[in-house]
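> Contents are compact mmCIF, C-alpha atoms; file name model.txt:
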```
# COMPACT_ATOMS: atom_id res chain seq x y z
CA MET A 10 4.40 -15.69 -11.12
CA GLY A 11 0.95 -17.19 -11.72
CA ASP A 12 -0.75 -17.69 -15.09
CA PHE A 13 -2.94 -14.59 -14.71
CA GLU A 14 -0.02 -12.30 -13.80
CA ARG A 15 2.08 -13.77 -16.62
CA PHE A 16 -0.74 -13.13 -19.09
CA ILE A 17 -1.00 -9.48 -17.97
CA SER A 18 2.76 -8.96 -18.30
CA VAL A 19 3.05 -10.60 -21.72
CA ASN A 20 0.09 -8.62 -23.10
CA ALA A 21 0.86 -5.27 -21.47
CA GLU A 22 1.01 -3.50 -24.85
CA ALA A 23 -1.31 -5.81 -26.79
CA ASP A 24 -4.41 -4.72 -28.68
CA VAL A 25 -7.23 -5.56 -26.25
CA SER A 26 -9.75 -5.98 -29.07
CA ARG A 27 -7.58 -8.68 -30.60
CA LEU A 28 -7.14 -10.38 -27.24
CA LEU A 29 -10.90 -10.63 -26.84
CA LEU A 30 -11.05 -12.74 -30.00
CA SER A 31 -8.83 -15.43 -28.47
CA CYS A 32 -10.86 -16.47 -25.43
CA ALA A 33 -9.16 -19.84 -25.17
CA ARG A 34 -5.95 -18.14 -24.09
CA TRP A 35 -7.50 -16.39 -21.08
CA PRO A 36 -6.09 -17.70 -17.79
CA SER A 37 -8.06 -18.58 -14.68
CA ILE A 38 -7.82 -16.67 -11.41
CA ASP A 39 -6.48 -18.59 -8.43
CA ASP A 40 -6.31 -15.80 -5.80
CA PRO A 41 -8.99 -16.24 -3.08
CA PHE A 42 -9.39 -12.45 -2.78
CA LEU A 43 -10.57 -12.37 -6.40
CA ALA A 44 -12.95 -15.31 -6.38
CA GLY A 45 -16.05 -14.55 -8.38
CA PHE A 46 -14.37 -12.23 -10.89
CA ASP A 47 -14.75 -12.88 -14.59
CA SER A 48 -11.16 -13.47 -15.68
CA LYS A 49 -11.69 -11.95 -19.14
CA GLU A 50 -13.20 -8.72 -17.80
CA LEU A 51 -10.59 -8.42 -15.05
CA ALA A 52 -7.72 -8.98 -17.50
CA VAL A 53 -9.00 -6.36 -19.98
CA ASN A 54 -9.58 -3.76 -17.28
CA THR A 55 -6.22 -4.50 -15.66
CA ILE A 56 -4.29 -4.14 -18.93
CA GLN A 57 -6.05 -0.87 -19.75
CA ALA A 58 -5.66 0.50 -16.21
CA ARG A 59 -1.95 -0.28 -16.07
CA ARG A 60 -1.43 1.85 -19.19
CA ARG A 61 -3.03 4.82 -17.41
CA LEU A 62 -1.06 4.17 -14.23
CA LYS A 63 2.33 3.87 -15.92
CA ASP A 64 3.07 7.56 -15.45
CA LYS A 65 0.37 8.33 -12.88
CA VAL A 66 1.33 5.76 -10.22
CA PRO A 67 4.56 4.18 -11.53
CA GLU A 68 5.16 2.32 -8.26
CA TRP A 69 2.02 0.27 -8.91
CA TYR A 70 2.74 -0.21 -12.59
CA GLU A 71 6.04 -1.89 -11.72
CA ILE A 72 4.18 -4.63 -9.83
CA SER A 73 2.49 -6.81 -12.44
CA SER A 74 0.53 -8.84 -9.88
CA LEU A 75 -1.81 -5.91 -9.05
CA VAL A 76 -5.30 -6.02 -10.56
CA TYR A 77 -7.87 -3.37 -11.47
CA PRO A 78 -11.50 -4.43 -11.88
CA THR A 79 -12.94 -1.18 -13.29
CA ALA A 80 -11.79 1.11 -16.06
CA LEU A 81 -13.09 4.24 -14.29
CA GLY A 82 -11.04 3.59 -11.15
CA SER A 83 -7.68 4.24 -12.81
CA GLU A 84 -9.06 7.32 -14.55
CA GLN A 85 -10.34 8.95 -11.36
CA CYS A 86 -7.67 7.89 -8.85
CA SER A 87 -4.99 10.19 -7.48
CA SER A 88 -1.46 10.18 -8.82
CA THR A 89 1.49 9.33 -6.60
CA VAL A 90 2.36 13.04 -6.38
CA THR A 91 -1.09 14.18 -5.25
CA ALA A 92 -1.63 11.18 -2.95
CA ARG A 93 1.63 11.85 -1.14
CA TYR A 94 0.75 15.52 -0.82
CA LYS A 95 -2.48 14.54 0.97
CA ALA A 96 -0.56 12.11 3.17
CA ASN A 97 1.92 14.82 4.17
CA LEU A 98 -0.96 17.18 4.96
CA ALA A 99 -2.58 14.44 7.06
CA LYS A 100 0.73 13.88 8.85
CA ARG A 101 0.85 17.58 9.75
CA ILE A 102 -2.72 17.44 11.05
CA LEU A 103 -1.96 14.35 13.14
CA GLY A 104 1.15 15.88 14.70
CA GLU A 105 3.99 13.90 16.21
CA VAL A 106 1.93 10.83 17.13
CA PRO A 107 0.62 8.76 14.16
CA GLY A 108 -3.14 8.46 14.44
CA ARG A 109 -6.00 6.86 12.58
CA ILE A 110 -7.34 7.90 9.19
CA ALA A 111 -10.67 6.75 7.76
CA ASP A 112 -10.91 6.88 3.96
CA LEU A 113 -14.66 6.57 3.40
CA THR A 114 -14.54 6.67 -0.42
CA GLY A 115 -11.60 4.37 -1.05
CA GLY A 116 -11.88 3.80 -4.80
CA LEU A 117 -8.79 2.22 -6.31
CA GLY A 118 -6.95 2.77 -3.02
CA VAL A 119 -4.11 5.10 -4.06
CA ASP A 120 -4.88 7.73 -1.40
CA CYS A 121 -5.36 5.07 1.28
CA TRP A 122 -2.02 3.54 0.25
CA ALA A 123 -0.36 6.91 0.88
CA PHE A 124 -2.22 7.42 4.18
CA SER A 125 -1.01 4.02 5.39
CA THR A 126 2.55 5.36 5.42
CA VAL A 127 1.78 8.16 7.91
CA ALA A 128 -1.01 6.66 10.06
CA SER A 129 -0.96 3.93 12.67
CA GLU A 130 -4.09 2.41 11.10
CA VAL A 131 -6.33 3.19 8.14
CA LEU A 132 -9.92 2.29 7.42
CA TYR A 133 -10.64 1.71 3.73
CA ASN A 134 -14.33 1.91 2.85
CA GLU A 135 -15.69 1.48 -0.66
CA ARG A 136 -19.25 0.66 -1.68
CA ASP A 137 -18.17 -1.31 -4.79
CA PRO A 138 -17.32 -4.85 -3.54
CA ARG A 139 -15.21 -5.51 -6.65
CA LEU A 140 -12.86 -2.68 -5.69
CA VAL A 141 -12.73 -3.86 -2.08
CA ALA A 142 -11.68 -7.34 -3.19
CA ALA A 143 -9.10 -5.96 -5.60
CA VAL A 144 -7.65 -3.56 -3.02
CA LYS A 145 -7.31 -6.38 -0.45
CA HIS A 146 -5.35 -8.35 -3.03
CA ASN A 147 -3.26 -5.34 -4.10
CA TYR A 148 -2.42 -4.22 -0.58
CA SER A 149 -1.31 -7.76 0.21
CA GLU A 150 1.03 -7.62 -2.80
CA LEU A 151 2.25 -4.15 -1.71
CA GLY A 152 2.95 -5.37 1.81
CA ILE A 153 0.43 -3.06 3.51
CA ARG A 154 -0.73 -4.51 6.81
CA ASN A 155 -2.34 -1.63 8.76
CA VAL A 156 -5.67 -1.36 6.90
CA ARG A 157 -9.20 -2.38 7.87
CA TYR A 158 -11.84 -2.89 5.16
CA SER A 159 -15.51 -1.97 4.78
CA ASP A 160 -17.89 -1.98 1.81
CA GLN A 161 -20.82 0.23 2.87
CA GLU A 162 -22.43 3.23 1.17
CA ILE A 163 -21.89 6.52 2.98
CA THR A 164 -25.06 8.34 4.07
CA SER A 165 -25.88 10.59 7.04
CA GLY A 166 -27.23 7.53 8.85
CA SER A 167 -24.43 5.09 8.00
CA VAL A 168 -21.29 6.97 9.06
CA SER A 169 -21.25 5.56 12.61
CA SER A 170 -22.03 2.08 11.28
CA VAL A 171 -19.14 2.22 8.80
CA LEU A 172 -16.69 3.43 11.43
CA GLY A 173 -17.83 0.99 14.12
CA SER A 174 -15.11 0.79 16.76
CA PHE A 175 -12.66 2.65 14.52
CA ASN A 176 -12.23 6.12 16.08
CA PRO A 177 -10.55 8.23 13.39
CA ASP A 178 -8.43 11.30 13.99
CA ILE A 179 -9.08 12.30 10.37
CA ILE A 180 -11.89 11.39 7.99
CA PHE A 181 -11.03 11.65 4.30
CA LEU A 182 -13.72 11.92 1.68
CA ASP A 183 -13.40 12.08 -2.11
CA PRO A 184 -17.00 12.27 -3.38
CA ALA A 185 -17.72 10.85 -6.84
CA ARG A 186 -18.02 13.75 -9.29
CA ARG A 187 -20.22 12.15 -11.92
CA SER A 188 -23.99 12.27 -12.19
CA SER A 189 -26.19 9.23 -12.82
CA ASP A 190 -25.93 9.86 -16.57
CA GLY A 191 -22.11 9.95 -16.43
CA ASN A 192 -21.62 13.72 -16.75
CA LYS A 193 -19.05 15.49 -14.57
CA VAL A 194 -20.39 17.61 -11.69
CA PHE A 195 -18.63 19.90 -9.22
CA LEU A 196 -21.28 21.35 -6.88
CA LEU A 197 -21.07 19.77 -3.41
CA GLU A 198 -24.70 18.68 -3.38
CA ASP A 199 -24.41 17.01 -6.80
CA CYS A 200 -21.52 14.76 -5.76
CA SER A 201 -21.92 11.33 -4.18
CA PRO A 202 -22.04 11.28 -1.25
CA ASP A 203 -23.50 14.76 -0.72
CA VAL A 204 -20.98 16.24 1.74
CA LEU A 205 -23.36 18.96 2.93
CA SER A 206 -26.01 16.47 4.04
CA ILE A 207 -23.60 14.27 6.00
CA LEU A 208 -21.33 17.00 7.40
CA PRO A 209 -22.81 16.87 10.95
CA SER A 210 -22.37 13.09 11.08
CA LEU A 211 -18.77 13.34 9.88
CA LEU A 212 -17.78 16.03 12.37
CA ALA A 213 -19.54 14.18 15.18
CA SER A 214 -17.15 11.28 14.51
CA SER A 215 -13.90 13.17 13.97
CA ARG A 216 -12.50 16.61 14.70
CA HIS A 217 -10.69 16.75 11.36
CA LEU A 218 -12.24 16.27 7.93
CA LEU A 219 -10.22 16.33 4.72
CA LEU A 220 -12.18 16.72 1.48
CA LYS A 221 -10.98 16.26 -2.07
CA LEU A 222 -13.15 18.30 -4.42
CA SER A 223 -13.29 19.05 -8.11
CA PRO A 224 -10.63 21.53 -9.28
CA MET A 225 -13.53 23.23 -11.10
CA ALA A 226 -15.27 24.09 -7.81
CA ASP A 227 -15.46 27.75 -6.83
CA ILE A 228 -13.36 28.22 -3.68
CA SER A 229 -15.35 31.07 -2.12
CA MET A 230 -18.62 29.21 -2.75
CA VAL A 231 -17.24 25.98 -1.24
CA VAL A 232 -16.11 27.81 1.90
CA GLU A 233 -19.43 29.63 2.22
CA ARG A 234 -21.49 26.45 1.85
CA LEU A 235 -19.37 24.40 4.26
CA ASN A 236 -19.20 27.14 6.88
CA ASN A 237 -22.83 28.24 6.82
CA THR A 238 -25.06 25.33 5.80
CA TYR A 239 -25.84 24.33 9.39
CA GLU A 240 -24.34 26.90 11.72
CA GLN A 241 -22.41 30.14 11.43
CA ARG A 242 -19.13 28.28 11.95
CA ASP A 243 -15.76 29.13 10.45
CA TRP A 244 -14.48 25.57 10.59
CA VAL A 245 -12.88 25.59 7.11
CA ARG A 246 -9.24 25.93 8.18
CA GLU A 247 -7.18 25.49 5.04
CA ILE A 248 -7.67 25.27 1.28
CA HIS A 249 -4.99 23.53 -0.80
CA VAL A 250 -4.84 23.94 -4.57
CA VAL A 251 -2.63 21.22 -6.05
CA ALA A 252 -1.39 21.40 -9.63
CA CYS A 253 1.23 19.49 -11.60
CA GLY A 254 2.18 19.13 -15.22
CA GLY A 255 0.45 22.38 -16.15
CA GLU A 256 -2.95 21.22 -14.87
CA CYS A 257 -4.89 21.90 -11.69
CA LYS A 258 -5.49 18.43 -10.23
CA GLU A 259 -7.15 18.78 -6.84
CA LEU A 260 -8.85 21.14 -4.46
CA LEU A 261 -8.37 19.99 -0.86
CA VAL A 262 -10.35 21.37 2.07
CA TRP A 263 -9.28 20.87 5.69
CA ILE A 264 -12.23 21.29 8.07
CA ASP A 265 -11.45 21.51 11.78
CA ARG A 266 -14.43 21.20 14.13
CA GLU A 267 -12.68 23.35 16.73
CA TRP A 268 -11.32 26.01 14.38
CA LYS A 269 -12.57 29.58 14.73
CA GLY A 270 -11.06 32.06 12.32
CA ASP A 271 -10.08 32.81 8.75
CA TYR A 272 -9.03 30.13 6.32
CA SER A 273 -5.72 30.14 4.48
CA ILE A 274 -4.93 29.07 0.92
CA THR A 275 -1.86 27.05 -0.07
CA CYS A 276 -0.84 26.69 -3.70
CA ARG A 277 1.34 23.72 -4.61
CA GLU A 278 2.73 23.24 -8.11
CA ASP A 279 5.69 21.30 -9.49
CA GLY A 280 7.75 21.56 -6.32
CA GLY A 281 6.85 25.16 -5.49
CA SER A 282 4.59 26.12 -2.60
CA LEU A 283 3.10 29.39 -1.33
CA SER A 284 0.57 30.06 1.42
CA PHE A 285 -1.75 33.03 1.85
CA GLY A 286 -3.39 34.09 5.11
CA GLY A 287 -6.99 35.05 5.68
CA ARG A 288 -6.29 38.75 6.20
CA GLU A 289 -4.39 38.93 2.91
CA ILE A 290 -7.24 37.16 1.11
CA ARG A 291 -9.84 39.57 2.51
CA LEU A 292 -7.98 42.85 2.09
CA SER A 293 -5.88 42.50 -1.06
CA LYS A 294 -6.67 44.86 -3.95
CA PRO A 295 -5.53 44.88 -7.58
CA ALA A 296 -2.50 47.00 -8.48
CA LEU A 297 -2.47 48.28 -12.07
CA PRO A 298 0.44 49.56 -14.18
CA GLU A 299 1.30 53.22 -14.81
CA SER A 300 1.97 52.51 -18.50
CA ALA A 301 2.06 49.68 -21.04
CA ASN A 302 5.85 49.75 -21.12
CA PHE A 303 6.78 46.30 -19.77
CA LYS A 304 10.14 44.58 -19.56
CA TYR A 305 9.06 41.28 -17.99
CA ILE A 306 5.81 39.32 -17.84
CA PHE A 307 5.04 36.66 -15.24
CA GLU A 308 2.41 34.11 -16.25
CA PRO A 309 1.12 32.44 -13.05
CA GLY A 310 0.74 28.67 -12.94
CA LYS A 311 -2.56 26.87 -12.67
CA SER A 312 -2.63 26.64 -8.87
CA ILE A 313 -2.11 30.38 -8.36
CA THR A 314 -4.66 31.27 -11.02
CA LYS A 315 -7.22 28.89 -9.55
CA ALA A 316 -6.66 30.23 -6.03
CA GLY A 317 -7.35 33.78 -7.20
CA VAL A 318 -4.41 35.26 -5.27
CA LEU A 319 -2.86 37.49 -7.95
CA ASN A 320 -3.69 40.64 -5.99
CA ILE A 321 -1.75 39.25 -3.02
CA LEU A 322 1.23 38.47 -5.27
CA CYS A 323 1.21 42.10 -6.38
CA GLU A 324 1.54 43.24 -2.76
CA ARG A 325 4.16 40.65 -1.79
CA PHE A 326 6.43 41.02 -4.81
CA ASP A 327 5.72 44.64 -5.82
CA LEU A 328 4.03 43.52 -9.04
CA VAL A 329 1.11 44.87 -11.04
CA LYS A 330 -1.67 43.17 -12.99
CA LEU A 331 -1.76 44.19 -16.61
CA ALA A 332 -5.49 44.80 -16.16
CA ARG A 333 -8.11 44.03 -13.56
CA PHE A 334 -9.10 40.78 -15.31
CA THR A 335 -5.87 40.02 -17.19
CA GLN A 336 -4.16 37.11 -15.46
CA LEU A 337 -0.62 38.32 -16.15
CA LEU A 338 1.75 40.27 -13.91
CA SER A 339 4.69 42.61 -14.38
CA PHE A 340 7.10 44.60 -12.21
CA ARG A 341 6.40 48.18 -11.21
CA ASP A 342 10.03 49.09 -11.96
CA PHE A 343 12.69 48.01 -14.43
CA PHE A 344 15.31 45.47 -13.33
CA SER A 345 18.06 43.38 -14.86
CA ARG A 346 17.20 39.82 -15.78
CA ASP A 347 19.14 38.45 -12.80
CA GLU A 348 17.36 40.81 -10.41
CA ALA A 349 13.94 39.92 -11.88
CA GLN A 350 14.60 36.22 -11.42
CA LYS A 351 15.90 36.79 -7.89
CA ARG A 352 12.80 38.76 -6.90
CA LEU A 353 10.52 36.00 -8.20
CA GLY A 354 12.58 33.22 -6.60
CA PRO A 355 9.79 32.11 -4.20
CA LEU A 356 7.56 31.58 -7.25
CA CYS A 357 9.98 29.12 -8.85
CA GLY A 358 8.03 26.30 -10.49
CA MET A 359 4.73 28.13 -10.06
CA GLY A 360 4.66 30.08 -13.31
CA LYS A 361 6.65 31.27 -16.32
CA LEU A 362 8.77 34.40 -16.69
CA PHE A 363 9.05 36.13 -20.06
CA GLU A 364 11.21 38.99 -21.27
CA VAL A 365 9.26 41.48 -23.39
CA GLU A 366 10.91 42.42 -26.68
CA GLU A 367 8.16 44.60 -28.15
CA VAL A 368 4.88 46.18 -27.11
CA LEU A 369 2.54 46.96 -30.03
CA LYS A 370 -0.97 48.37 -29.84
CA MET A 371 -3.29 45.81 -31.41
CA GLY A 372 -4.46 46.66 -34.95
CA LYS A 373 -4.12 45.63 -38.58
CA ALA A 374 -0.63 47.09 -38.94
CA ALA A 375 0.60 45.32 -35.80
CA PHE A 376 -0.89 41.99 -36.94
CA ARG A 377 0.86 42.27 -40.34
CA ASP A 378 4.17 43.30 -38.81
CA VAL A 379 4.27 40.60 -36.14
CA SER A 380 3.07 37.82 -38.44
CA LYS A 381 5.78 38.70 -40.96
CA ARG A 382 8.65 38.79 -38.44
CA TYR A 383 7.55 36.00 -36.07
CA PRO A 384 5.82 33.35 -38.23
CA LYS A 385 6.64 30.46 -35.87
CA SER A 386 5.52 31.47 -32.42
CA GLU A 387 3.41 30.37 -29.50
CA VAL A 388 0.29 32.51 -29.04
CA SER A 389 -1.85 33.28 -25.97
CA ALA A 390 -4.89 35.54 -25.66
CA ARG A 391 -5.67 37.11 -22.28
CA ASN A 392 -8.77 39.21 -21.62
CA ILE A 393 -9.33 40.27 -25.22
CA PRO A 394 -12.39 39.60 -27.44
CA MET A 395 -10.85 36.58 -29.17
CA SER A 396 -9.52 33.17 -28.12
CA SER A 397 -5.92 32.04 -28.38
CA ASP A 398 -6.82 29.98 -31.46
CA GLU A 399 -8.49 32.98 -33.09
CA LEU A 400 -5.48 35.18 -32.35
CA ARG A 401 -3.15 32.53 -33.74
CA ALA A 402 -5.21 32.37 -36.94
CA ARG A 403 -5.23 36.17 -37.18
CA LEU A 404 -1.43 36.18 -36.94
CA GLY A 405 -1.08 33.16 -39.20
CA ALA A 406 1.39 31.77 -36.68
CA LYS A 407 2.56 28.20 -36.50
CA SER A 408 3.97 26.70 -33.32
CA GLY A 409 7.66 27.44 -32.96
CA GLU A 410 10.41 29.21 -31.06
CA ASP A 411 10.49 32.60 -32.77
CA ALA A 412 8.66 34.16 -29.82
CA HIS A 413 5.70 33.88 -27.45
CA ILE A 414 3.10 36.44 -28.45
CA PHE A 415 0.52 37.54 -25.88
CA GLY A 416 -2.60 39.37 -26.97
CA VAL A 417 -3.64 41.23 -23.82
CA LYS A 418 -5.82 43.96 -22.44
CA VAL A 419 -3.88 46.58 -20.48
CA GLU A 420 -5.42 49.13 -18.13
CA THR A 421 -3.44 52.19 -17.03
CA PRO A 422 -4.58 55.50 -15.49
CA PHE A 423 -4.54 56.94 -19.01
CA GLU A 424 -6.04 54.26 -21.25
CA SER A 425 -7.54 50.81 -21.58
CA ALA A 426 -6.42 49.10 -24.79
CA ASN A 427 -5.39 45.79 -26.32
CA PHE A 428 -1.74 45.10 -27.09
CA LEU A 429 0.50 42.49 -28.66
CA LEU A 430 3.45 41.64 -26.43
CA VAL A 431 6.29 39.89 -28.23
CA CYS A 432 8.18 37.90 -25.57
CA HIS A 433 10.82 35.25 -25.05
CA ARG A 434 10.72 32.72 -22.22
CA ILE A 435 13.44 33.09 -19.60
```
Show this structure as structure tokens.


Amino acid sequence: MGDFERFISVNAEADVSRLLLSCARWPSIDDPFLAGFDSKELAVNTIQARRRLKDKVPEWYEISSLVYPTALGSEQCSSTVTARYKANLAKRILGEVPGRIADLTGGLGVDCWAFSTVASEVLYNERDPRLVAAVKHNYSELGIRNVRYSDQEITSGSVSSVLGSFNPDIIFLDPARRSSDGNKVFLLEDCSPDVLSILPSLLASSRHLLLKLSPMADISMVVERLNNTYEQRDWVREIHVVACGGECKELLVWIDREWKGDYSITCREDGGSLSFGGREIRLSKPALPESANFKYIFEPGKSITKAGVLNILCERFDLVKLARFTQLLSFRDFFSRDEAQKRLGPLCGMGKLFEVEEVLKMGKAAFRDVSKRYPKSEVSARNIPMSSDELRARLGAKSGEDAHIFGVKVETPFESANFLLVCHRI
């Protein structure tokens, strides 16, 4: 273990501000990959990045010799879970024979690290030379040997130059989603590089293109822009919505130059996975309840909600939406708890199931009654004219396990009204 690595390990939990006051203690860097780095800046960024990566990419955190030259890199990089998901998708695209993958926006290198496990060779390109140097060092420490390196900016005129003799089977692109003033952006043309402007160059170099986009991006708009910006081509083949830990992390788009047909949507969340075909997406319609008398409520996870496939779930599992724009589902009929769980088995890990104890029409009397009997409860507002925080304040509820109270709009053939649903999580 060298002096620099030892310093990082010893000060893993130290106050960085205090460390900066003791410059004499900063070690020098003796790795040729990292020549030219300021040791103080590299040490500070590495210590801070490792704290972010401890849970995000634990395999890297365990290796104290890895370095991270920018603070933003560890914030924006993929987690192990999402990187491996992309690698498995790439493996399916490649088929039985491992091929070549070009990662043209390499960043910290987590995705490229995952790709290297399923491809025969990977091209890592990153316009920031500091990241390129750090990734060369890190991959050497990780024992990765099947990667080429490039440090060019991606434009419509530079794609062929970046690839050179590297003929990729898949090109991966994760455009930077921050504007020049540091604000987050999610429209394709606002990202860097602008995917729409370089799409012809990318597809001229590879049949398959895999894009990682902002989870805030509108799926139907993304598909429309990618399919119709240059030609009336339906080359968007699959959309993947990846969520974990209760948060939608990534929107992945697989573009196939030779594809002609509808696109499918796959939702992946905490071990669960469901796919939806193009015909289902086009023809599904909302199913609404006959009454507000519910026994169970299913709250879809983030991936399902983002994908906008609740109408399809209604058809597949004989469910109903509580209202056209209320993102909660219930059964058409009454079942036992065991039967309800069995019927929703394919949705395991992709949402929460609640048993409804009481259904009360929203009003002053209901607020007083519920707040008195369930003072320590979780509270969620869905499609009503108040936020969850406002509803919680109205109920005077503090977080606890008395119940989970949903304030919801319900639409039936006979009425449209707001209700309080007092539930318990199954």

> Per residue of region 315-365 of chain A within 9 Å of region 218-230 of chain A, what are the shortest atom pair and its distance in Å to one decimal, counting only C-alpha atoms, with rows by chain and residue number, as CSV?


```
residue,atom,partner,partner_atom,distance
A:Lys315,CA,A:Pro224,CA,8.1
A:Ala316,CA,A:Ile228,CA,7.4
A:Gly317,CA,A:Ile228,CA,8.9
```

> Skipping near chain neighbours, those fewer than 6 positions away, what residues fall within 7 Å of region 325-332 of chain A using all atoms listed in the file, listed as a list in words?

Pro295, Ala296, Leu297, Pro298, Leu338, Ser339, Phe340, Arg341, Lys418, Val419 and Glu420 of chain A

> Taking only C-alpha atoms into account, which of A:Lys65, A:Asn237, A:Ser312, A:Gly118 comes nearest Gly280 (chain A)?

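Closest to Gly280 (chain A), using only C-alpha atoms: A:Ser312.
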
> If you count all atoms listed in the file, which residues fall within 12 Å of Leu362 (chain A), apart from same-chain ones fewer than 2 positions away, as a ChimeraX atom specification?

/A:304-310,337-340,346-347,349-354,356-360,364-365,413,432-435

> Could you list, as a list in words, every residue within 8 Å of Gly108 (chain A), counting all atoms listed in the file and ignoring same-chain residues fewer than 6 positions away?

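After dropping sequence-adjacent residues, the list is Ala128, Ser129, Glu130, Pro177 and Asp178 of chain A.
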
> Using only C-alpha atoms, can you tell me which of A:Cys276, A:Val90, A:Val66, A:Leu172 comes closest to Asp112 (chain A)?

A:Leu172

> For region 78-87 of chain A, list every protein, DNA or RNA residue within 9 Å, evaluated using all atoms listed in the file, and leave out those in the same chain fewer than 6 positions away; present the list as a VMD selection string.

chain A and resid 46 50 to 55 57 to 59 61 to 62 65 to 66 116 to 120 139 to 140 143 185 258 to 259

> Which neighbours of Glu299 (chain A) fall inside 8 Å, counting all atoms listed in the file, when residues of the same chain fewer than 2 positions from it are skipped, and could you give them as a ChimeraX atom specification?

/A:297,301,421-422
